[in-house]
file protein_24.cif (mmCIF, C-alpha atoms and all ligand atoms)
data_protein
loop_
_atom_site.label_atom_id
_atom_site.label_comp_id
_atom_site.auth_asym_id
_atom_site.auth_seq_id
_atom_site.Cartn_x
_atom_site.Cartn_y
_atom_site.Cartn_z
CA MET R 1 -20.58 -31.07 87.28
CA ILE R 2 -20.78 -34.58 88.76
CA SER R 3 -19.29 -36.19 91.84
CA GLN R 4 -17.30 -39.40 91.53
CA ALA R 5 -15.67 -41.14 94.50
CA GLY R 6 -15.79 -37.93 96.48
CA LEU R 7 -14.11 -35.90 93.74
CA THR R 8 -15.82 -33.21 91.71
CA MET R 9 -15.67 -33.98 88.00
CA TYR R 10 -15.93 -31.04 85.64
CA ARG R 11 -17.07 -31.20 82.08
CA ASN R 12 -14.31 -31.46 79.50
CA LEU R 13 -15.72 -29.02 76.97
CA ARG R 14 -15.09 -29.61 73.31
CA ILE R 15 -14.79 -26.29 71.51
CA VAL R 16 -14.44 -25.39 67.85
CA PRO R 17 -10.71 -25.68 67.26
CA GLN R 18 -10.34 -23.24 64.37
CA LEU R 19 -11.94 -19.91 63.70
CA ILE R 20 -11.57 -17.09 61.21
CA PHE R 21 -13.19 -13.72 61.96
CA GLY R 22 -13.31 -10.78 59.62
CA ARG R 23 -15.08 -9.04 56.79
CA GLY R 24 -14.77 -10.86 53.50
CA SER R 25 -13.27 -13.93 55.16
CA VAL R 26 -15.83 -16.25 53.52
CA HIS R 27 -13.53 -16.50 50.47
CA GLN R 28 -11.01 -18.39 52.65
CA VAL R 29 -13.31 -21.40 52.63
CA GLY R 30 -11.58 -22.39 49.37
CA ASP R 31 -8.22 -22.86 51.11
CA ILE R 32 -9.84 -24.70 53.99
CA VAL R 33 -11.60 -27.19 51.73
CA ALA R 34 -8.49 -27.56 49.56
CA ALA R 35 -6.51 -28.66 52.62
CA GLN R 36 -9.05 -31.45 53.24
CA LYS R 37 -9.05 -32.47 49.57
CA LYS R 38 -5.28 -32.89 49.73
CA LYS R 39 -5.80 -35.55 52.39
CA SER R 40 -8.56 -37.62 50.79
CA HIS R 41 -8.92 -36.46 47.15
CA CYS R 42 -12.69 -36.53 47.63
CA PRO R 43 -15.33 -33.94 46.76
CA ALA R 44 -16.80 -31.46 49.22
CA VAL R 45 -20.49 -30.91 50.00
CA LEU R 46 -21.74 -27.34 50.35
CA MET R 47 -25.10 -26.97 52.07
CA ILE R 48 -26.29 -23.42 51.53
CA ASP R 49 -29.51 -21.75 52.68
CA GLU R 50 -31.49 -21.31 49.46
CA VAL R 51 -32.11 -17.65 50.38
CA HIS R 52 -28.50 -17.08 49.21
CA GLN R 53 -28.87 -18.83 45.85
CA GLU R 54 -28.48 -15.66 43.78
CA LYS R 55 -25.99 -13.87 46.02
CA GLY R 56 -22.62 -12.72 44.70
CA PHE R 57 -20.63 -14.39 47.45
CA VAL R 58 -22.13 -17.77 46.53
CA ARG R 59 -21.25 -17.34 42.85
CA GLN R 60 -17.68 -16.59 43.90
CA LEU R 61 -17.26 -19.72 46.02
CA PRO R 62 -14.52 -21.94 44.60
CA ILE R 63 -16.57 -25.00 43.63
CA ALA R 64 -14.95 -27.91 41.79
CA ALA R 65 -16.85 -29.93 39.18
CA ASP R 66 -17.28 -32.93 41.46
CA ASP R 67 -18.32 -30.93 44.55
CA LEU R 68 -21.97 -31.15 45.56
CA VAL R 69 -23.86 -27.93 46.11
CA ILE R 70 -27.17 -28.42 47.87
CA PHE R 71 -29.43 -25.45 48.50
CA VAL R 72 -31.37 -26.28 51.64
CA ASN R 73 -34.86 -25.15 52.49
CA VAL R 74 -35.38 -23.77 55.98
CA ASP R 75 -38.97 -22.55 55.66
CA THR R 76 -39.50 -24.75 58.69
CA GLU R 77 -36.84 -25.57 61.25
CA PRO R 78 -34.85 -28.74 60.52
CA LYS R 79 -36.51 -32.09 60.98
CA THR R 80 -34.77 -35.43 61.41
CA SER R 81 -36.63 -36.64 58.28
CA TYR R 82 -35.11 -33.80 56.22
CA VAL R 83 -31.61 -34.53 57.55
CA ASP R 84 -32.06 -38.21 56.63
CA GLU R 85 -33.27 -37.27 53.15
CA LEU R 86 -30.30 -34.93 52.57
CA THR R 87 -27.85 -37.56 53.83
CA ARG R 88 -29.28 -40.09 51.37
CA ARG R 89 -29.05 -37.51 48.59
CA VAL R 90 -25.33 -36.97 49.31
CA GLN R 91 -24.75 -40.73 49.42
CA ASP R 92 -26.64 -41.27 46.15
CA LEU R 93 -24.80 -38.48 44.35
CA SER R 94 -21.33 -39.27 45.59
CA SER R 95 -19.86 -42.75 45.62
CA ARG R 96 -16.98 -41.52 47.80
CA GLN R 97 -17.23 -40.18 51.34
CA PRO R 98 -16.97 -36.37 51.05
CA CYS R 99 -13.84 -34.70 52.42
CA ALA R 100 -15.85 -31.90 54.01
CA VAL R 101 -19.37 -30.62 54.64
CA VAL R 102 -19.71 -26.84 54.60
CA GLY R 103 -22.87 -25.22 56.00
CA ILE R 104 -23.67 -21.62 55.03
CA GLY R 105 -26.75 -19.99 56.53
CA GLY R 106 -28.57 -19.27 59.76
CA GLY R 107 -28.84 -21.60 62.74
CA SER R 108 -31.13 -23.97 60.83
CA THR R 109 -28.67 -24.47 57.98
CA LEU R 110 -25.71 -24.80 60.33
CA ASP R 111 -27.60 -27.48 62.25
CA ILE R 112 -28.47 -29.32 59.03
CA ALA R 113 -24.82 -29.31 57.96
CA LYS R 114 -23.67 -30.58 61.36
CA ALA R 115 -26.27 -33.34 61.36
CA VAL R 116 -25.55 -34.48 57.79
CA ALA R 117 -21.80 -34.58 58.57
CA LEU R 118 -22.59 -36.91 61.48
CA MET R 119 -25.08 -39.07 59.60
CA LEU R 120 -22.62 -39.73 56.77
CA THR R 121 -20.54 -41.79 59.21
CA ASN R 122 -23.16 -43.11 61.63
CA PRO R 123 -25.84 -45.67 60.70
CA GLY R 124 -29.61 -45.29 61.05
CA SER R 125 -31.77 -42.21 61.32
CA SER R 126 -30.72 -38.89 62.85
CA SER R 127 -33.64 -39.30 65.27
CA ASP R 128 -31.74 -42.25 66.84
CA TYR R 129 -29.12 -39.79 68.06
CA GLN R 130 -31.34 -37.08 69.60
CA GLY R 131 -30.13 -36.88 73.16
CA TRP R 132 -26.77 -36.71 74.88
CA ASP R 133 -23.61 -38.47 73.69
CA LEU R 134 -25.27 -41.13 71.55
CA VAL R 135 -23.00 -40.59 68.52
CA HIS R 136 -20.23 -43.20 68.25
CA HIS R 137 -18.20 -42.13 65.22
CA PRO R 138 -16.70 -38.75 64.32
CA GLY R 139 -18.57 -37.08 61.47
CA VAL R 140 -17.12 -35.88 58.19
CA TYR R 141 -14.96 -32.75 58.70
CA HIS R 142 -17.44 -29.88 58.89
CA VAL R 143 -17.24 -26.13 58.49
CA GLY R 144 -19.84 -23.58 59.63
CA ILE R 145 -20.34 -20.15 58.09
CA PRO R 146 -23.20 -18.23 59.75
CA THR R 147 -25.26 -15.70 57.83
CA LEU R 148 -27.41 -14.72 60.82
CA ALA R 149 -26.09 -13.89 64.29
CA GLY R 150 -27.52 -15.03 67.58
CA THR R 151 -28.12 -18.76 67.90
CA GLY R 152 -24.55 -19.69 68.80
CA ALA R 153 -25.03 -22.78 66.60
CA GLU R 154 -21.61 -21.98 65.12
CA VAL R 155 -19.95 -22.85 68.40
CA SER R 156 -22.23 -25.35 70.15
CA ARG R 157 -21.89 -29.13 70.46
CA THR R 158 -25.49 -29.65 69.43
CA THR R 159 -27.68 -29.69 66.34
CA VAL R 160 -31.29 -29.02 67.23
CA LEU R 161 -33.74 -31.19 65.29
CA THR R 162 -37.44 -31.87 65.43
CA GLY R 163 -37.95 -35.61 65.43
CA PRO R 164 -40.96 -37.92 65.61
CA VAL R 165 -41.36 -37.51 69.38
CA ARG R 166 -39.54 -34.35 70.33
CA LYS R 167 -37.47 -31.34 69.43
CA LEU R 168 -34.07 -32.16 70.85
CA GLY R 169 -30.46 -31.75 69.88
CA ILE R 170 -27.92 -34.33 68.87
CA ASN R 171 -25.53 -33.35 71.65
CA SER R 172 -22.06 -34.81 71.29
CA ASP R 173 -18.39 -33.89 71.06
CA TYR R 174 -18.50 -34.89 67.39
CA THR R 175 -21.28 -32.40 66.64
CA ALA R 176 -19.23 -29.21 67.02
CA PHE R 177 -17.75 -27.76 63.84
CA ASP R 178 -14.09 -28.37 63.03
CA GLN R 179 -13.79 -24.88 61.59
CA ILE R 180 -15.95 -21.77 61.54
CA ILE R 181 -15.73 -18.63 59.47
CA LEU R 182 -17.37 -15.54 61.00
CA ASP R 183 -17.75 -13.01 58.21
CA PRO R 184 -19.88 -10.00 59.27
CA ASP R 185 -20.42 -9.07 55.60
CA LEU R 186 -22.78 -12.04 55.35
CA LEU R 187 -25.26 -10.32 57.69
CA ALA R 188 -25.92 -7.54 55.19
CA GLY R 189 -29.52 -7.49 54.03
CA VAL R 190 -31.02 -9.71 56.74
CA PRO R 191 -34.65 -8.59 57.16
CA ARG R 192 -34.96 -6.24 60.15
CA GLU R 193 -37.28 -8.45 62.21
CA GLN R 194 -35.32 -11.65 61.59
CA ARG R 195 -32.10 -9.88 62.59
CA PHE R 196 -33.76 -8.78 65.84
CA TYR R 197 -35.30 -12.15 66.74
CA THR R 198 -32.12 -14.12 66.13
CA ALA R 199 -30.02 -11.57 68.02
CA MET R 200 -32.43 -11.78 70.95
CA ASP R 201 -31.79 -15.51 71.08
CA CYS R 202 -28.26 -14.57 72.06
CA PHE R 203 -29.39 -11.93 74.58
CA ILE R 204 -31.65 -14.57 76.15
CA HIS R 205 -28.91 -17.24 76.19
CA ALA R 206 -26.81 -14.83 78.24
CA SER R 207 -29.70 -13.91 80.50
CA GLU R 208 -30.58 -17.53 81.25
CA ALA R 209 -26.94 -18.44 81.81
CA LEU R 210 -26.33 -15.52 84.18
CA SER R 211 -29.39 -16.14 86.33
CA GLY R 212 -29.10 -19.93 86.36
CA THR R 213 -27.81 -22.17 89.12
CA PHE R 214 -25.14 -23.65 86.79
CA ILE R 215 -23.37 -20.29 86.39
CA ASN R 216 -19.60 -20.17 86.86
CA GLU R 217 -16.94 -17.54 86.17
CA PHE R 218 -16.09 -19.01 82.77
CA SER R 219 -19.67 -18.74 81.50
CA ARG R 220 -20.29 -15.45 83.23
CA ALA R 221 -17.45 -13.72 81.40
CA PHE R 222 -18.84 -14.74 78.00
CA ALA R 223 -22.46 -14.02 78.93
CA GLU R 224 -21.77 -10.57 80.34
CA LYS R 225 -19.81 -9.43 77.32
CA SER R 226 -22.41 -10.89 75.00
CA GLN R 227 -25.17 -8.90 76.71
CA VAL R 228 -23.12 -5.70 76.72
CA MET R 229 -22.72 -6.01 72.95
CA CYS R 230 -26.44 -6.73 72.41
CA ARG R 231 -27.34 -3.68 74.50
CA GLU R 232 -24.92 -1.48 72.55
CA VAL R 233 -26.25 -2.73 69.22
CA PHE R 234 -29.94 -2.38 70.07
CA LEU R 235 -29.97 0.49 72.55
CA GLY R 236 -26.82 2.41 71.70
CA ASP R 237 -25.94 4.48 68.70
CA ILE R 238 -23.79 2.05 66.74
CA GLU R 239 -23.31 2.25 63.00
CA GLU R 240 -24.83 -0.82 61.26
CA GLY R 241 -21.54 -2.15 59.89
CA VAL R 242 -19.90 -2.18 63.32
CA ALA R 243 -23.13 -3.55 64.79
CA ASP R 244 -22.90 -6.58 62.48
CA GLU R 245 -19.36 -7.28 63.67
CA MET R 246 -20.50 -6.99 67.28
CA LEU R 247 -23.47 -9.29 66.70
CA MET R 248 -21.26 -11.99 65.19
CA VAL R 249 -19.06 -11.92 68.28
CA ALA R 250 -22.02 -11.63 70.69
CA SER R 251 -23.53 -14.77 69.17
CA TYR R 252 -20.29 -16.70 69.59
CA PHE R 253 -19.90 -15.47 73.18
CA GLY R 254 -23.52 -16.30 74.04
CA GLY R 255 -22.98 -19.79 72.62
CA MET R 256 -19.77 -20.23 74.61
CA SER R 257 -21.57 -19.11 77.72
CA ILE R 258 -24.32 -21.73 77.53
CA ALA R 259 -21.86 -24.38 76.39
CA TYR R 260 -20.49 -24.40 79.92
CA SER R 261 -23.76 -23.62 81.72
CA GLN R 262 -27.30 -24.03 80.36
CA VAL R 263 -30.36 -22.17 79.16
CA GLY R 264 -33.51 -21.93 81.26
CA VAL R 265 -37.24 -21.23 81.53
CA CYS R 266 -37.55 -19.30 78.29
CA HIS R 267 -35.89 -21.93 76.10
CA ALA R 268 -37.79 -24.78 77.74
CA LEU R 269 -41.12 -23.08 77.03
CA CYS R 270 -39.98 -22.10 73.54
CA TYR R 271 -39.21 -25.74 72.69
CA GLY R 272 -42.86 -26.56 73.49
CA LEU R 273 -44.10 -23.69 71.30
CA SER R 274 -41.90 -24.82 68.42
CA TYR R 275 -42.85 -28.47 68.68
CA VAL R 276 -46.60 -27.99 68.77
CA LEU R 277 -47.07 -24.76 66.82
CA GLY R 278 -43.98 -24.68 64.61
CA VAL R 279 -43.03 -21.27 66.04
CA ARG R 280 -39.43 -20.51 65.07
CA HIS R 281 -36.71 -20.41 67.70
CA GLY R 282 -35.86 -16.69 67.66
CA ILE R 283 -39.40 -15.34 67.66
CA GLY R 284 -40.57 -18.11 70.04
CA ASN R 285 -37.99 -17.08 72.58
CA CYS R 286 -39.05 -13.45 72.23
CA ILE R 287 -42.72 -14.38 72.78
CA ALA R 288 -41.85 -16.43 75.87
CA PHE R 289 -39.27 -14.04 77.32
CA ASN R 290 -41.76 -11.16 77.16
CA GLN R 291 -43.88 -13.06 79.71
CA LEU R 292 -41.09 -14.02 82.09
CA GLU R 293 -40.52 -10.92 84.16
CA GLU R 294 -40.81 -12.99 87.36
CA TYR R 295 -37.72 -14.96 86.34
CA TYR R 296 -35.60 -12.51 84.34
CA ALA R 297 -36.88 -9.17 85.68
CA GLU R 298 -34.35 -6.57 84.56
CA ASP R 299 -33.46 -8.31 81.32
CA VAL R 300 -37.13 -8.58 80.34
CA ARG R 301 -37.51 -4.84 80.88
CA THR R 302 -34.38 -4.18 78.78
CA PHE R 303 -35.75 -6.52 76.10
CA ARG R 304 -39.03 -4.56 76.00
CA THR R 305 -37.11 -1.31 75.58
CA MET R 306 -35.27 -2.86 72.64
CA LEU R 307 -38.56 -4.05 71.13
CA LYS R 308 -39.96 -0.55 71.39
CA LYS R 309 -36.88 1.19 70.04
CA HIS R 310 -36.81 -1.11 67.03
CA ASP R 311 -40.55 -0.98 66.52
CA ILE R 312 -40.94 -4.75 66.65
CA GLU R 313 -44.48 -6.00 67.19
CA LEU R 314 -44.59 -9.50 68.67
CA PRO R 315 -47.45 -11.80 67.66
CA LYS R 316 -50.18 -11.93 70.26
CA VAL R 317 -52.37 -14.75 71.60
CA VAL R 318 -50.19 -17.40 70.01
CA THR R 319 -51.55 -20.12 72.27
CA GLY R 320 -55.19 -19.02 72.00
CA GLY R 321 -57.35 -21.65 70.35
CA LEU R 322 -55.10 -24.56 71.28
CA SER R 323 -56.91 -27.79 72.01
CA GLU R 324 -56.46 -29.41 75.41
CA LEU R 325 -54.43 -32.12 73.70
CA GLN R 326 -52.06 -29.61 72.10
CA MET R 327 -51.63 -27.69 75.35
CA ASN R 328 -50.78 -30.90 77.20
CA GLU R 329 -48.30 -31.85 74.49
CA MET R 330 -46.65 -28.45 74.73
CA ILE R 331 -46.34 -28.79 78.50
CA ARG R 332 -44.99 -32.34 78.12
CA VAL R 333 -42.25 -31.21 75.72
CA ALA R 334 -41.27 -28.23 77.89
CA LEU R 335 -41.18 -30.17 81.15
CA SER R 336 -39.15 -33.02 79.63
CA LEU R 337 -36.11 -30.72 79.45
CA ASP R 338 -34.77 -31.51 82.89
CA PRO R 339 -31.30 -29.84 82.62
CA LEU R 340 -32.87 -26.52 81.57
CA TRP R 341 -35.21 -26.50 84.55
CA GLN R 342 -32.49 -27.62 86.94
CA ASN R 343 -30.40 -24.70 85.80
CA ALA R 344 -33.27 -22.24 86.08
CA LEU R 345 -34.92 -23.38 89.29
CA GLY R 346 -32.59 -25.83 91.03
CA PRO R 347 -32.80 -29.59 91.66
CA GLU R 348 -36.30 -29.38 93.19
CA TRP R 349 -37.67 -27.63 90.11
CA ARG R 350 -40.59 -30.04 89.73
CA GLU R 351 -42.14 -28.64 92.89
CA ILE R 352 -42.00 -25.14 91.43
CA MET R 353 -42.69 -25.68 87.73
CA THR R 354 -45.77 -27.86 87.87
CA SER R 355 -47.92 -28.55 84.80
CA GLU R 356 -50.41 -26.00 86.11
CA ARG R 357 -47.71 -23.33 86.36
CA ALA R 358 -46.42 -24.10 82.85
CA ARG R 359 -49.99 -23.89 81.54
CA GLU R 360 -50.44 -20.50 83.22
CA LEU R 361 -47.30 -19.19 81.53
CA TYR R 362 -48.32 -20.58 78.14
CA LEU R 363 -51.77 -19.04 78.42
CA ARG R 364 -50.17 -15.59 78.68
CA MET R 365 -48.41 -16.01 75.32
P1 LIG Q 401 -32.86 -19.69 60.52
O1 LIG Q 401 -31.59 -20.31 60.11
O2 LIG Q 401 -34.00 -20.58 60.87
O3 LIG Q 401 -33.30 -18.69 59.37
C1 LIG Q 401 -34.42 -17.82 59.53
C2 LIG Q 401 -34.74 -17.16 58.21
O4 LIG Q 401 -33.71 -16.25 57.85
C3 LIG Q 401 -34.84 -18.17 57.07
O5 LIG Q 401 -35.90 -17.80 56.24
C4 LIG Q 401 -33.49 -18.00 56.35
O6 LIG Q 401 -33.60 -18.38 55.00
C5 LIG Q 401 -33.24 -16.53 56.53
N1 LIG Q 401 -31.85 -16.09 56.44
C6 LIG Q 401 -30.73 -16.67 56.93
N2 LIG Q 401 -29.64 -15.91 56.66
C7 LIG Q 401 -30.09 -14.83 55.98
C8 LIG Q 401 -29.43 -13.68 55.42
N3 LIG Q 401 -28.12 -13.45 55.56
N4 LIG Q 401 -30.21 -12.79 54.75
C9 LIG Q 401 -31.55 -12.96 54.63
N5 LIG Q 401 -32.22 -14.02 55.17
C10 LIG Q 401 -31.48 -14.94 55.83
O7 LIG Q 401 -32.67 -18.66 61.74
P2 LIG Q 401 -31.78 -18.66 63.04
O8 LIG Q 401 -32.52 -17.84 64.01
O9 LIG Q 401 -30.37 -18.31 62.74
O10 LIG Q 401 -31.77 -20.18 63.49
C11 LIG Q 401 -32.82 -20.80 64.19
C12 LIG Q 401 -32.51 -22.26 64.23
O11 LIG Q 401 -31.31 -22.48 64.97
C13 LIG Q 401 -33.58 -23.11 64.89
O12 LIG Q 401 -33.77 -24.29 64.13
C14 LIG Q 401 -33.01 -23.44 66.24
O13 LIG Q 401 -33.49 -24.65 66.76
C15 LIG Q 401 -31.53 -23.51 65.93
N6 LIG Q 401 -30.66 -23.27 67.07
C16 LIG Q 401 -29.58 -24.06 67.18
C17 LIG Q 401 -28.70 -23.89 68.22
C18 LIG Q 401 -27.51 -24.78 68.34
O14 LIG Q 401 -26.73 -24.62 69.28
N7 LIG Q 401 -27.30 -25.72 67.45
C19 LIG Q 401 -28.90 -22.87 69.16
C20 LIG Q 401 -30.02 -22.06 69.01
C21 LIG Q 401 -30.89 -22.26 67.95
ZN ZN Q 402 -31.51 -20.30 71.70
#

call {"tool": "encode", "arguments": {"input": "protein_24.cif", "output": "structure tokens", "more": "lines below"}}
Ligand code: NAD
Ligand code: ZN
result
Amino acid sequence: MISQAGLTMYRNLRIVPQLIFGRGSVHQVGDIVAAQKKKSHCPAVLMIDEVHQEKGFVRQLPIAADDLVIFVNVDTEPKTSYVDELTRRVQDLSSRQPCAVVGIGGGSTLDIAKAVALMLTNPGSSSDYQGWDLVHHPGVYHVGIPTLAGTGAEVSRTTVLTGPVRKLGINSDYTAFDQIILDPDLLAGVPREQRFYTAMDCFIHASEALSGTFINEFSRAFAEKSQVMCREVFLGDIEEGVADEMLMVASYFGGMSIAYSQVGVCHALCYGLSYVLGVRHGIGNCIAFNQLEEYYAEDVRTFRTMLKKHDIELPKVVTGGLSELQMNEMIRVALSLDPLWQNALGPEWREIMTSERARELYLRM
């Protein structure tokens, strides 16, 4: 919210305009791509997490001879250099601008697909666009199909990338997908721990939104429902199939919630952990959140109950053995995220979250 000539100006939120939800809906991607091909007669690019390479649903995707299928590697979270390399690969392999980019995978793959769609129409390196509203041209039409639930990447206007100087999203109205397909069947077989960590990302999004200073009734409604669903899935007695459907929706709601508010202390500290130690987003948030009872009291206790019930053992002493240089870098990255701290602690946050305080919190992890 900003003030202009005495008037309050509210954010004009760009949301994903088209959505399909339902079991087995992934097969409808064929019709969606066909509609784009009708307009431009150009091939489509499918960017699929390589973990799905041998899966039945991938073999059944309607892929034309001139479409490009790229299996992406997400052993590490996406880097700007990888996005640039993939963009060049698409440009080298296809003389025509693709009619659509389809991303199928977890948050990392969705972010890669969003970023490549943008970089096909914008010059330079993806690292040039890390920040807020730096993208000038709409990307290629892009479709997101999540195969993990929790990040909210399917609905957000950002693609989070690690660049040469920081881990920061390309935040813009052009980043959001044009179409998403939420098919709970695609969550089948996700390893137990990964499912938990990514789902907790969503629980934490809601927690940080609800306790932040940017909260409003729009965000609250999404965040509350998202948390209710996470609690039912991880503390209730829900059958796994139904739980997958709930997690898909919880992720979307958590994403919608932060889209019109912001995340907070946990995400800021997690960004530092990821940048310096390469800790992945889901598990990094869990490690940080576990130490943040002072900020998110009741939710941290609920989170610990979930951990226990699901027999999840978090890594310990992650920051032990860090050099002074690495610790300072981690603090620098975390404290550079001004909007997150403003949301969590208010406009005077720098007086509360000093480098010493951030160091103290990191040393507990
Ligand atoms: P991920 O995409 O990084 O994947 C984690 C692991 O799970 C990978 O090994 C992947 O191959 C595997 N995997 C994915 N789907 C699977 C399936 N169905 N079955 C088995 N394995 C599967 O995990 P994530 O937690 O979904 O995403 C984290 C990423 O999302 C980070 O890069 C983070 O920065 C980003 N993120 C983006 C936003 C956004 O709004 N754009 C928000 C939060 C997080
Ligand atoms: Zn997150």

call {"tool": "closest_residue", "arguments": {"input": "protein_24.cif", "among": "R:Asp111, R:Asp49, R:Asp178, R:Asp75", "to": "Gln36 of chain R", "atoms": "all atoms listed in the file"}}
result
R:Asp178

call {"tool": "residues_near_ligand", "arguments": {"input": "protein_24.cif", "ligand": "ligand LIG 401 (chain Q)", "cutoff": "7 Å", "atoms": "all atoms listed in the file", "output": "VMD selection string"}}
result
chain R and resid 49 to 51 74 to 75 77 to 78 105 to 109 111 147 to 153 156 to 161 186 to 191 194 197 to 198 255 280 to 282

call {"tool": "closest_residue", "arguments": {"input": "protein_24.cif", "among": "R:Lys316, R:His310, R:Arg364, R:His267", "to": "Leu335 of chain R", "atoms": "all atoms listed in the file"}}
result
R:His267

call {"tool": "atom_distance", "arguments": {"input": "protein_24.cif", "atom1": "atom CA of Leu322 of chain R", "atom2": "atom CA of Ile352 of chain R"}}
result
24.0 Å

call {"tool": "axis_aligned_box", "arguments": {"input": "protein_24.cif", "around": "segment 250-253 of chain R", "padding_each_side": "6 Å", "output": "JSON"}}
result
{"center_x": -21.7, "center_y": -14.2, "center_z": 71.2, "size_x": 15.6, "size_y": 17.1, "size_z": 16.0}

call {"tool": "residues_around", "arguments": {"input": "protein_24.cif", "residues": "Ser25 of chain R", "least_positions_apart": "4", "cutoff": "7 Å", "atoms": "all atoms listed in the file", "output": "PDB file with C-alpha atoms, in the frame of the given file"}}
result
ATOM      1  CA  PHE R  21     -13.190 -13.720  61.960  1.00  0.00           C
ATOM      2  CA  ILE R 181     -15.730 -18.630  59.470  1.00  0.00           C
ATOM      3  CA  ASP R 183     -17.750 -13.010  58.210  1.00  0.00           C
TER       4      ASP R 183
END

call {"tool": "decode", "arguments": {"input": "protein_24.cif", "residues": "segment 242-253 of chain R", "atoms": "N, CA and C atoms", "output": "tab-separated table (two decimals), in the first residue's frame"}}
result
chain	number	residue	atom	x	y	z
R	242	VAL	N	-7.36	-37.94	-0.41
R	242	VAL	CA	-8.04	-36.67	-0.11
R	242	VAL	C	-7.00	-35.64	0.35
R	243	ALA	N	-6.03	-36.14	1.12
R	243	ALA	CA	-4.98	-35.24	1.62
R	243	ALA	C	-4.25	-34.58	0.45
R	244	ASP	N	-3.98	-35.31	-0.61
R	244	ASP	CA	-3.29	-34.73	-1.76
R	244	ASP	C	-4.13	-33.62	-2.38
R	245	GLU	N	-5.44	-33.84	-2.46
R	245	GLU	CA	-6.31	-32.80	-3.02
R	245	GLU	C	-6.26	-31.56	-2.13
R	246	MET	N	-6.30	-31.80	-0.81
R	246	MET	CA	-6.28	-30.66	0.12
R	246	MET	C	-4.95	-29.91	0.03
R	247	LEU	N	-3.86	-30.66	-0.12
R	247	LEU	CA	-2.55	-29.99	-0.17
R	247	LEU	C	-2.41	-29.11	-1.42
R	248	MET	N	-2.95	-29.60	-2.54
R	248	MET	CA	-2.92	-28.80	-3.77
R	248	MET	C	-3.62	-27.46	-3.56
R	249	VAL	N	-4.76	-27.53	-2.89
R	249	VAL	CA	-5.55	-26.31	-2.68
R	249	VAL	C	-4.87	-25.43	-1.62
R	250	ALA	N	-4.34	-26.08	-0.56
R	250	ALA	CA	-3.67	-25.33	0.50
R	250	ALA	C	-2.49	-24.53	-0.07
R	251	SER	N	-1.76	-25.15	-0.99
R	251	SER	CA	-0.61	-24.48	-1.59
R	251	SER	C	-1.06	-23.24	-2.36
R	252	TYR	N	-2.11	-23.41	-3.14
R	252	TYR	CA	-2.65	-22.29	-3.93
R	252	TYR	C	-3.12	-21.17	-2.99
R	253	PHE	N	-3.83	-21.56	-1.93
R	253	PHE	CA	-4.35	-20.56	-0.99
R	253	PHE	C	-3.20	-19.85	-0.26
